[in-house]
Number of protein chains: 2
Amino acid sequence: MTVTLKDVATLAGVSVKTVSNVVNGYAFVKPENRRRVEEALAATGYRPNVGARNLRRGRTGFLALMVPELSIPYFGELAGLVITAAQKRGWSVLIEQTQGTRSRERETLSSLGPHLVDGALVHPEALEAADFPSPGEIPLVMLGEHAVDVPIDHVAIDNVLAAQTAVSHLASLGRTRIAAIGRNPARGTSSQRLAGYRAGLVAAGLSYSDSLVAPAEKWHRSVGAAAMRSLLALPSPPDAVFCFNDLLAIGALRAVAELGLRVPEDVAIVGFDNNEESAFSLPSLTTIAPDKTALAEAAIDLVHRRITGDKGLPPQDIQTPFALEIRESTSG
Amino acid sequence: MTVTLKDVATLAGVSVKTVSNVVNGYAFVKPENRRRVEEALAATGYRPNVGARNLRRGRTGFLALMVPELSIPYFGELAGLVITAAQKRGWSVLIEQTQGTRSRERETLSSLGPHLVDGALVHPEALEAADFPSPGEIPLVMLGEHAVDVPIDHVAIDNVLAAQTAVSHLASLGRTRIAAIGRNPARGTSSQRLAGYRAGLVAAGLSYSDSLVAPAEKWHRSVGAAAMRSLLALPSPPDAVFCFNDLLAIGALRAVAELGLRVPEDVAIVGFDNNEESAFSLPSLTTIAPDKTALAEAAIDLVHRRITGDKGLPPQDIQTPFALEIRESTSG
DNA sequence: GGTACTTTTTACATCGTTGGAACAACGTTG
DNA sequence: CAACGTTGTTCCAACGATGTAAAAAGTACC
């Protein structure tokens with residue numbers, strides 16, 4: 001049923017290779033033949049068999065993107081941008097979800113054989129250094145989290161500085177009891193944001209207190225609400241909170257409202273990620289806004305360079321920009 | 001560098017085909033040989049070349065999922081569920097974004113050759129009947145929208161009934177000036193929800209008024225806010241609004257709040273889609289909750305049946321369940 | 001030991017494509 | 001007109017796997 005080069009060749013009265021040459025834009029084809037081939041191509045509606053082509057070329061035309069869950073707004077948005085950036089360079093993107101578990105992350109990583117995809121962008125959550133595949137396999141670019149001492153390309157914003165910026169902003173409003181929500185020792189991202197939180201406190205001359213740092217296993221809205229409730233139940237509750245992502249912050253907003261308190265008058269809140277919904281919450285959310293487009297472009301660019309040559313390039317560590325987006329949750 | 005069947009065969013001292021037989025679980029292999037082959041497989045770390053296997057088998061192992069934009073929560077959530085459901089049956093999912101434009105939708109559809117993917121789930125937004133490929137190509141399953149008289153599998157909830165349910169709920173609260181946001185003649189989904197809206201009005205004995213139906217080109221939050229503002233500026237503004245999706249409703253919530261009015265006391269609001277964020281908005285949003293998991297499973301199941309045999313099956317039209325999720329925006 | 005049968009293994013062709021070498025046609029040049 | 005470089009085309013092998021059919025090895029029975 002499907003049309004192959006051979007069918008086109010028969011119809012055009014030339015050899016298979018000549019048709020192949022036309023399809024691939026080889027220069028030296030007699031105009032007359034080229035015309036005949038092109039007509040035959042059009043007439044038959046020929047489409048190359050990607051599998052066969054890749055078998056021959058040793059390329060697949062696919063990139064994998066590994067994320068915890070697409071239903072999390074940050075990853076949905078990021079995936080969309082990655083797909084767009086990849087498409088510009090002729091790649092299709094295959095998405096794998098890991099639910100943020102180490103076992104699924106390892107499994108996914110090891111299944112990414114060189115025949116399935118040309119390269120992969122991975123956004124690990126629980127992965128450890130030992131889990132990384134021996135180099136020499138397909139090009140890998142890590143997004144978001146910096147796994148310690150693994151010689152792999154890495155693209156992210158400066159999480160520590162960003163977190164510090166958020167906390168400094170809260171301090172600059174005159175808040176003195178600044179809490180944090182999102183501690184999770186198993187996740188590198190959490191450690192970095194926690195470090196930034198502490199740095200922000202120090203810079204503002206405030207002291208750190210463990211009791212003001214709420215843990216959060218999953219960074220979901222409901223967890224943020226629960227954490228906020230427990231913080232507000234403290235003997236001396238916080239007057240500001242830095243949430244390690246926007247979902248936690250959205251949950252926190254709700255918890256504050258349910259207790260009849262006001263944001264930002266009673267509690268100022270800052271999030272992280274700048275999800276689209278955060279511009280529309282009530283009140284809208286001040287947040288760290290990573291340049292997700294830059295992130296996606298940089299990652300695709302890097303994997304592109306790895307795939308097309310540049311073998312010698314040492315592992316890159318690229319930082320993309322971010323900004324503090326000030327909204328109602330910290331500015332009445 | 002990569003290990004092929006041949007390498008394994010050499011190491012095990014048997015023929016390539018025997019190794020292939022072991023890999024594929026063929027029954028008649030002498031235990032002794034099977035053991036040797038398995039050892040060689042383990043020793044070399046053999047991984048099948050998917051491309052070559054598919055070339056031979058005529059399958060690719062990929063499904064495509066076409067959606068407007070992953071950054072829209074509904075599609076992010078849906079895509080996540082589709083990927084999960086596909087994975088259970090051994091497929092990887094390739095995502096294509098169309099931005100909801102007809103040209104990109106057509107382009108995408110026509111690029112889905114039989115060699116690239118085994119089947120596709122498409123969620124069109126602007127596509128018309130004429131755009132559909134001749135049958136006999138790869139199996140297609142349409143999600144969400146029912147394009148008229150195209151003999152193609154289709155999975156969705158009953159949009160008309162769902163919309164009617166939403167409006168009936170508002171009417172049951174005693175609201176009499178029920179508006180709608182989201183009219184867009186170019187989109188089938190909009191027409192269906194509009195029809196349901198009218199049916200709901202009729203059922204409640206209310207009259208329809210064009211002035212209470214706000215258009216919305218894109219169903220985004222900002223558009224919902226703008227539409228709400230214009231509805232509230234009417235000489236006799238609505239006391240309830242049915243928004244054609246949750247994003248519009250979230251925008252509407254904000255517009256109401258900015259004017260100092262209360263939800264649901266002054267205006268009750270119902271959305272559609274049950275995005276995760278809608279359970280946490282202030283107030284939380286009453287909405288139509290489609291069973292997205294059922295939708296994803298049904299679609300994957302259908303495409304699975306198409307691919308593995310069942311050629312004769314007439315085009316299916318499957319309806320998946322939905323529920324009205326009542327929250328604060330209609331119940332103080 | 002021979003026949004008939006079953007189990008196990010192998011050689012070969014094949015999927016659709018492209019790289020390379022060989023070959024043919026052509027116009028230039030000496 | 002022979003030798004040559006340039007252009008254009010074809011043939012063949014290969015990418016890595018699997019289906020087919022035939023060969024080889026084993027088993028059972030007379």
# chains A, B, ... in the order shown; residues from 1 in each chain; ligands from 1
call {"tool": "residues_around", "arguments": {"residues": "DC30 in chain D", "least_positions_apart": "5", "cutoff": "12 Å", "atoms": "only C-alpha atoms (C1' of nucleotides)", "output": "list of chain:residue names"}}
result
C:DG1, C:DG2, C:DT3, C:DA4
call {"tool": "write_last_selection", "arguments": {"atoms": "C-alpha atoms (C1' of nucleotides)", "output": "PDB file, in the first residue's frame"}}
result
ATOM      1  C1'  DG C   1      19.498 -50.087  10.291  1.00  0.00           C
ATOM      2  C1'  DG C   2      15.850 -47.793   8.092  1.00  0.00           C
ATOM      3  C1'  DT C   3      11.693 -44.978   8.097  1.00  0.00           C
ATOM      4  C1'  DA C   4       8.863 -41.375   9.780  1.00  0.00           C
TER       5       DA C   4
END
call {"tool": "interface_residues", "arguments": {"of": "chain A", "to": "chain C", "cutoff": "12 Å", "atoms": "only C-alpha atoms (C1' of nucleotides)", "output": "list in words"}}
result
Thr2, Val3, Thr4, Leu5, Lys6, Asp7, Val16, Lys17, Thr18, Val19, Ser20, Asn21, Val23, Asn24, Tyr26, Lys30, Arg47, Pro48, Asn49, Val50, Gly51, Ala52, Arg53, Asn54, Leu55, Arg56, Arg57 and Gly58 of chain A
call {"tool": "write_last_selection", "arguments": {"atoms": "C-alpha atoms", "output": "short mmCIF file (atom, residue, chain, number, x, y, z; two decimals), in the first residue's frame"}}
result
data_model
loop_
_atom_site.label_atom_id
_atom_site.label_comp_id
_atom_site.auth_asym_id
_atom_site.auth_seq_id
_atom_site.Cartn_x
_atom_site.Cartn_y
_atom_site.Cartn_z
CA THR A 2 2.74 2.39 0.89
CA VAL A 3 4.86 3.93 -1.81
CA THR A 4 8.57 3.22 -1.81
CA LEU A 5 11.46 4.67 -3.72
CA LYS A 6 11.27 1.68 -5.99
CA ASP A 7 7.72 2.47 -7.03
CA VAL A 16 16.10 3.90 -7.20
CA LYS A 17 19.25 5.76 -6.33
CA THR A 18 18.47 8.59 -8.69
CA VAL A 19 15.16 9.07 -6.97
CA SER A 20 16.94 8.98 -3.66
CA ASN A 21 19.30 11.62 -4.97
CA VAL A 23 14.74 13.41 -2.63
CA ASN A 24 17.93 14.28 -0.81
CA TYR A 26 21.85 15.82 -4.63
CA LYS A 30 19.82 15.92 -15.20
CA ARG A 47 6.85 9.69 1.88
CA PRO A 48 10.19 8.41 3.03
CA ASN A 49 10.17 5.53 5.47
CA VAL A 50 11.76 7.22 8.42
CA GLY A 51 12.72 3.98 10.05
CA ALA A 52 14.62 2.72 7.06
CA ARG A 53 16.31 6.03 6.51
CA ASN A 54 17.40 6.16 10.10
CA LEU A 55 18.55 2.59 10.04
CA ARG A 56 20.82 3.56 7.19
CA ARG A 57 21.89 6.90 8.57
CA GLY A 58 22.16 5.87 12.16
#
call {"tool": "closest_atom_pairs", "arguments": {"of": "chain D", "to": "chain A", "cutoff": "7 Å", "atoms": "only C-alpha atoms (C1' of nucleotides)", "output": "JSON lines"}}
result
{"residue": "D:DT7", "atom": "C1'", "partner": "A:Phe28", "partner_atom": "CA", "distance": 6.7}
{"residue": "D:DG8", "atom": "C1'", "partner": "A:Val29", "partner_atom": "CA", "distance": 6.0}
{"residue": "D:DT10", "atom": "C1'", "partner": "A:Ser15", "partner_atom": "CA", "distance": 6.7}
{"residue": "D:DC15", "atom": "C1'", "partner": "A:Arg56", "partner_atom": "CA", "distance": 4.7}
call {"tool": "write_last_selection", "arguments": {"atoms": "C-alpha atoms (C1' of nucleotides)", "output": "PDB file, in the first residue's frame"}}
result
ATOM      1  C1'  DT D   7      28.544  15.032 -14.881  1.00  0.00           C
ATOM      2  C1'  DG D   8      25.023  11.862 -14.375  1.00  0.00           C
ATOM      3  C1'  DT D  10      23.361   2.533 -12.085  1.00  0.00           C
ATOM      4  C1'  DC D  15      22.166  -0.785   8.197  1.00  0.00           C
TER       5       DC D  15
END
call {"tool": "closest_atom_pairs", "arguments": {"of": "chain A", "to": "chain B", "cutoff": "7 Å", "atoms": "only C-alpha atoms", "output": "Markdown table"}}
result
| residue | atom | partner | partner_atom | distance |
| --- | --- | --- | --- | --- |
| A:Asn49 | CA | B:His115 | CA | 5.3 |
| A:Val50 | CA | B:His115 | CA | 5.9 |
| A:Gly51 | CA | B:Gly51 | CA | 5.3 |
| A:Ala52 | CA | B:Leu55 | CA | 6.1 |
| A:Leu55 | CA | B:Gly51 | CA | 6.0 |
| A:Glu69 | CA | B:Gly80 | CA | 6.5 |
| A:Leu70 | CA | B:Gly80 | CA | 5.1 |
| A:Ser71 | CA | B:Glu77 | CA | 4.2 |
| A:Pro73 | CA | B:Pro73 | CA | 6.6 |
| A:Gly76 | CA | B:Ser71 | CA | 5.0 |
| A:Glu77 | CA | B:Ser71 | CA | 4.2 |
| A:Ala79 | CA | B:Leu70 | CA | 6.9 |
| A:Gly80 | CA | B:Leu70 | CA | 5.1 |
| A:Ser92 | CA | B:Leu94 | CA | 6.9 |
| A:Val93 | CA | B:Leu94 | CA | 5.7 |
| A:Leu94 | CA | B:Leu94 | CA | 4.4 |
| A:Ile95 | CA | B:Val93 | CA | 6.3 |
| A:His115 | CA | B:Asn49 | CA | 5.4 |
| A:Leu116 | CA | B:Val50 | CA | 6.2 |
| A:Gly251 | CA | B:Phe280 | CA | 6.7 |
| A:Arg254 | CA | B:Phe280 | CA | 6.7 |
| A:Phe280 | CA | B:Arg254 | CA | 6.7 |
| A:Ser281 | CA | B:Ser281 | CA | 6.6 |
| A:Leu282 | CA | B:Leu282 | CA | 6.2 |
call {"tool": "select_by_dssp", "arguments": {"residues": "range 59-130 of chain B", "states": "strand (DSSP E or B)", "output": "list of chain:residue names"}}
result
B:Phe62, B:Leu63, B:Ala64, B:Leu65, B:Met66, B:Val67, B:Ser92, B:Val93, B:Leu94, B:Ile95, B:Glu96, B:Gln97, B:Gly119, B:Ala120, B:Leu121, B:Val122
call {"tool": "select_by_dssp", "arguments": {"residues": "range 68-229 of chain A", "states": "alpha helix (DSSP H)", "output": "ChimeraX atom specification"}}
result
/A:73-88,102-111,159-172,188-203,221-229
call {"tool": "residues_around", "arguments": {"residues": "Phe272 in chain A", "least_positions_apart": "2", "cutoff": "9 Å", "atoms": "only C-alpha atoms (C1' of nucleotides)", "output": "PDB file with C-alpha atoms, in the first residue's frame"}}
result
ATOM      1  CA  ALA A 162      16.995  33.137  42.807  1.00  0.00           C
ATOM      2  CA  ALA A 163      15.831  31.934  46.196  1.00  0.00           C
ATOM      3  CA  ALA A 166      12.952  36.116  46.729  1.00  0.00           C
ATOM      4  CA  PHE A 242       8.855  31.849  50.597  1.00  0.00           C
ATOM      5  CA  CYS A 243       7.408  28.812  48.854  1.00  0.00           C
ATOM      6  CA  PHE A 244       9.766  26.645  46.835  1.00  0.00           C
ATOM      7  CA  ASN A 245       7.348  26.572  43.948  1.00  0.00           C
ATOM      8  CA  ASP A 246       4.146  28.255  42.828  1.00  0.00           C
ATOM      9  CA  LEU A 247       1.920  25.291  43.553  1.00  0.00           C
ATOM     10  CA  ALA A 249       2.299  29.075  47.206  1.00  0.00           C
ATOM     11  CA  VAL A 270       6.504  34.576  47.196  1.00  0.00           C
ATOM     12  CA  ASN A 274       5.939  31.748  37.479  1.00  0.00           C
ATOM     13  CA  ASN A 275       3.270  29.331  36.347  1.00  0.00           C
ATOM     14  CA  THR A 286       4.874  37.378  43.391  1.00  0.00           C
ATOM     15  CA  THR A 287       7.257  34.753  42.092  1.00  0.00           C
ATOM     16  CA  ILE A 288      10.628  33.939  40.671  1.00  0.00           C
ATOM     17  CA  ALA A 289      10.200  33.813  36.924  1.00  0.00           C
ATOM     18  CA  PRO A 290      12.763  31.618  35.197  1.00  0.00           C
TER      19      PRO A 290
END
call {"tool": "residues_around", "arguments": {"residues": "range 308-323 of chain A", "least_positions_apart": "2", "cutoff": "9 Å", "atoms": "only C-alpha atoms (C1' of nucleotides)", "output": "list in words"}}
result
Pro151, Ile152, Asp153, His154, Val155, Ala156, Ile157, Asp158, Ala162, Thr165, Thr287, Ile288, Ala289, Pro290, Asp291, Lys292, Ala294, Leu295, Ala298, Ala299, Leu302, Val303, His304, Arg305, Arg306 and Glu325 of chain A
call {"tool": "write_last_selection", "arguments": {"atoms": "N, CA and C atoms", "output": "CSV table (one decimal), in the first residue's frame"}}
result
chain,number,residue,atom,x,y,z
A,151,PRO,N,29.7,14.3,35.1
A,151,PRO,CA,30.2,15.1,33.9
A,151,PRO,C,29.2,15.1,32.8
A,152,ILE,N,28.1,15.8,33.0
A,152,ILE,CA,27.0,15.9,32.0
A,152,ILE,C,26.6,17.3,31.8
A,153,ASP,N,26.2,17.6,30.6
A,153,ASP,CA,25.7,18.9,30.3
A,153,ASP,C,24.5,19.3,31.2
A,154,HIS,N,24.4,20.5,31.5
A,154,HIS,CA,23.4,20.9,32.5
A,154,HIS,C,23.0,22.4,32.2
A,155,VAL,N,21.7,22.6,32.2
A,155,VAL,CA,21.1,23.9,31.9
A,155,VAL,C,20.1,24.2,33.0
A,156,ALA,N,20.2,25.3,33.7
A,156,ALA,CA,19.3,25.7,34.7
A,156,ALA,C,19.5,27.2,35.1
A,157,ILE,N,18.6,27.7,35.9
A,157,ILE,CA,18.9,29.0,36.5
A,157,ILE,C,19.7,28.8,37.8
A,158,ASP,N,20.2,29.9,38.3
A,158,ASP,CA,20.9,29.9,39.5
A,158,ASP,C,19.9,29.8,40.7
A,162,ALA,N,18.4,32.8,43.0
A,162,ALA,CA,17.0,33.1,42.8
A,162,ALA,C,16.2,33.1,44.1
A,165,THR,N,17.1,36.0,46.2
A,165,THR,CA,16.4,37.2,45.7
A,165,THR,C,15.0,37.3,46.2
A,287,THR,N,6.6,36.0,42.3
A,287,THR,CA,7.3,34.8,42.1
A,287,THR,C,8.6,35.0,41.3
A,288,ILE,N,9.4,34.0,41.5
A,288,ILE,CA,10.6,33.9,40.7
A,288,ILE,C,10.3,33.4,39.3
A,289,ALA,N,10.6,34.2,38.3
A,289,ALA,CA,10.2,33.8,36.9
A,289,ALA,C,11.4,33.4,36.1
A,290,PRO,N,11.6,32.1,36.0
A,290,PRO,CA,12.8,31.6,35.2
A,290,PRO,C,12.4,31.9,33.7
A,291,ASP,N,13.4,32.1,32.9
A,291,ASP,CA,13.1,32.3,31.5
A,291,ASP,C,13.1,30.9,30.9
A,292,LYS,N,11.9,30.4,30.9
A,292,LYS,CA,11.7,29.0,30.4
A,292,LYS,C,12.0,28.8,28.9
A,294,ALA,N,14.3,30.5,27.3
A,294,ALA,CA,15.8,30.4,27.2
A,294,ALA,C,16.3,29.1,27.6
A,295,LEU,N,15.7,28.6,28.6
A,295,LEU,CA,16.1,27.2,29.2
A,295,LEU,C,15.9,26.2,28.1
A,298,ALA,N,18.3,26.7,25.1
A,298,ALA,CA,19.7,26.4,25.5
A,298,ALA,C,19.9,24.9,25.5
A,299,ALA,N,18.9,24.2,26.1
A,299,ALA,CA,19.0,22.7,26.2
A,299,ALA,C,19.0,22.1,24.8
A,302,LEU,N,22.2,22.8,23.0
A,302,LEU,CA,23.3,22.0,23.5
A,302,LEU,C,23.3,20.5,22.9
A,303,VAL,N,22.1,19.9,23.0
A,303,VAL,CA,22.0,18.6,22.6
A,303,VAL,C,22.2,18.5,21.0
A,304,HIS,N,21.8,19.6,20.4
A,304,HIS,CA,22.0,19.6,18.9
A,304,HIS,C,23.5,19.6,18.6
A,305,ARG,N,24.3,20.4,19.4
A,305,ARG,CA,25.7,20.5,19.1
A,305,ARG,C,26.4,19.1,19.5
A,306,ARG,N,25.9,18.5,20.5
A,306,ARG,CA,26.5,17.2,20.8
A,306,ARG,C,26.2,16.2,19.7
A,325,GLU,N,9.3,38.5,39.7
A,325,GLU,CA,8.0,39.1,39.2
A,325,GLU,C,7.2,39.6,40.4
call {"tool": "decode", "arguments": {"residues": "range 7-20 of chain C", "atoms": "N, CA and C atoms (P, O5', C5', C4', C3', O3' and C1' of nucleotides)", "output": "CSV table (one decimal), in the first residue's frame"}}
result
chain,number,residue,atom,x,y,z
C,7,DT,P,7.7,-31.6,18.8
C,7,DT,O5',9.3,-31.2,18.8
C,7,DT,C5',10.2,-31.9,19.7
C,7,DT,C4',11.6,-31.5,19.3
C,7,DT,C3',11.9,-30.1,19.6
C,7,DT,O3',13.1,-30.1,20.5
C,7,DT,C1',12.7,-30.7,17.5
C,8,DT,P,13.6,-28.8,21.2
C,8,DT,O5',14.6,-28.2,20.1
C,8,DT,C5',15.9,-28.9,20.0
C,8,DT,C4',16.6,-28.2,18.9
C,8,DT,C3',16.9,-26.7,19.0
C,8,DT,O3',18.3,-26.5,19.2
C,8,DT,C1',16.4,-27.4,16.8
C,9,DT,P,18.9,-25.1,19.2
C,9,DT,O5',19.4,-25.0,17.7
C,9,DT,C5',20.4,-25.8,17.2
C,9,DT,C4',20.7,-25.5,15.8
C,9,DT,C3',21.1,-24.0,15.5
C,9,DT,O3',22.5,-24.0,15.1
C,9,DT,C1',19.4,-24.7,14.0
C,10,DT,P,23.1,-22.6,14.8
C,10,DT,O5',22.9,-22.5,13.2
C,10,DT,C5',23.3,-23.6,12.4
C,10,DT,C4',22.8,-23.3,11.0
C,10,DT,C3',23.2,-22.0,10.4
C,10,DT,O3',24.1,-22.1,9.3
C,10,DT,C1',20.9,-22.5,10.0
C,11,DA,P,24.9,-20.9,8.7
C,11,DA,O5',24.1,-20.8,7.3
C,11,DA,C5',23.8,-21.9,6.5
C,11,DA,C4',23.0,-21.5,5.3
C,11,DA,C3',23.4,-20.2,4.6
C,11,DA,O3',23.2,-20.4,3.2
C,11,DA,C1',21.2,-19.9,5.4
C,12,DC,P,23.7,-19.2,2.2
C,12,DC,O5',22.4,-18.5,1.9
C,12,DC,C5',21.2,-19.3,1.7
C,12,DC,C4',20.0,-18.4,1.5
C,12,DC,C3',20.3,-17.0,0.9
C,12,DC,O3',19.5,-16.8,-0.2
C,12,DC,C1',19.0,-16.7,2.8
C,13,DA,P,19.7,-15.5,-1.1
C,13,DA,O5',18.2,-14.8,-1.0
C,13,DA,C5',17.1,-15.6,-0.9
C,13,DA,C4',15.9,-14.8,-0.3
C,13,DA,C3',15.8,-13.4,-0.9
C,13,DA,O3',14.4,-13.1,-1.2
C,13,DA,C1',16.0,-13.2,1.4
C,14,DT,P,14.0,-11.8,-1.9
C,14,DT,O5',13.6,-10.8,-0.7
C,14,DT,C5',12.6,-11.2,0.2
C,14,DT,C4',12.5,-10.2,1.3
C,14,DT,C3',12.6,-8.8,0.9
C,14,DT,O3',11.3,-8.2,1.0
C,14,DT,C1',13.9,-9.2,2.8
C,15,DC,P,10.9,-6.8,0.3
C,15,DC,O5',10.8,-5.8,1.5
C,15,DC,C5',9.9,-6.1,2.6
C,15,DC,C4',10.2,-5.1,3.7
C,15,DC,C3',10.6,-3.7,3.3
C,15,DC,O3',9.4,-2.9,3.3
C,15,DC,C1',12.1,-4.6,5.0
C,16,DG,P,9.1,-2.1,2.0
C,16,DG,O5',10.1,-0.8,2.1
C,16,DG,C5',9.9,0.1,3.2
C,16,DG,C4',11.1,1.1,3.2
C,16,DG,C3',11.3,1.8,1.9
C,16,DG,O3',11.4,3.2,2.2
C,16,DG,C1',13.3,0.8,2.5
C,17,DT,P,11.7,4.3,1.1
C,17,DT,O5',13.3,4.5,1.4
C,17,DT,C5',13.7,5.1,2.6
C,17,DT,C4',15.1,4.9,2.8
C,17,DT,C3',16.0,5.7,1.9
C,17,DT,O3',16.3,7.0,2.5
C,17,DT,C1',16.9,3.5,2.4
C,18,DT,P,17.2,8.0,1.6
C,18,DT,O5',18.7,7.5,1.8
C,18,DT,C5',19.3,7.6,3.0
C,18,DT,C4',20.7,7.0,2.9
C,18,DT,C3',21.7,7.8,2.1
C,18,DT,O3',22.9,7.9,2.8
C,18,DT,C1',21.6,5.5,1.4
C,19,DG,P,24.0,9.0,2.3
C,19,DG,O5',25.2,8.0,2.1
C,19,DG,C5',25.7,7.3,3.2
C,19,DG,C4',26.9,6.4,2.7
C,19,DG,C3',27.9,7.2,1.9
C,19,DG,O3',29.2,6.7,2.3
C,19,DG,C1',27.0,5.4,0.6
C,20,DG,P,30.5,7.3,1.6
C,20,DG,O5',30.9,6.3,0.5
C,20,DG,C5',31.0,4.9,0.9
C,20,DG,C4',31.4,4.1,-0.3
C,20,DG,C3',32.3,4.8,-1.3
C,20,DG,O3',33.4,3.9,-1.6
C,20,DG,C1',30.4,4.1,-2.5
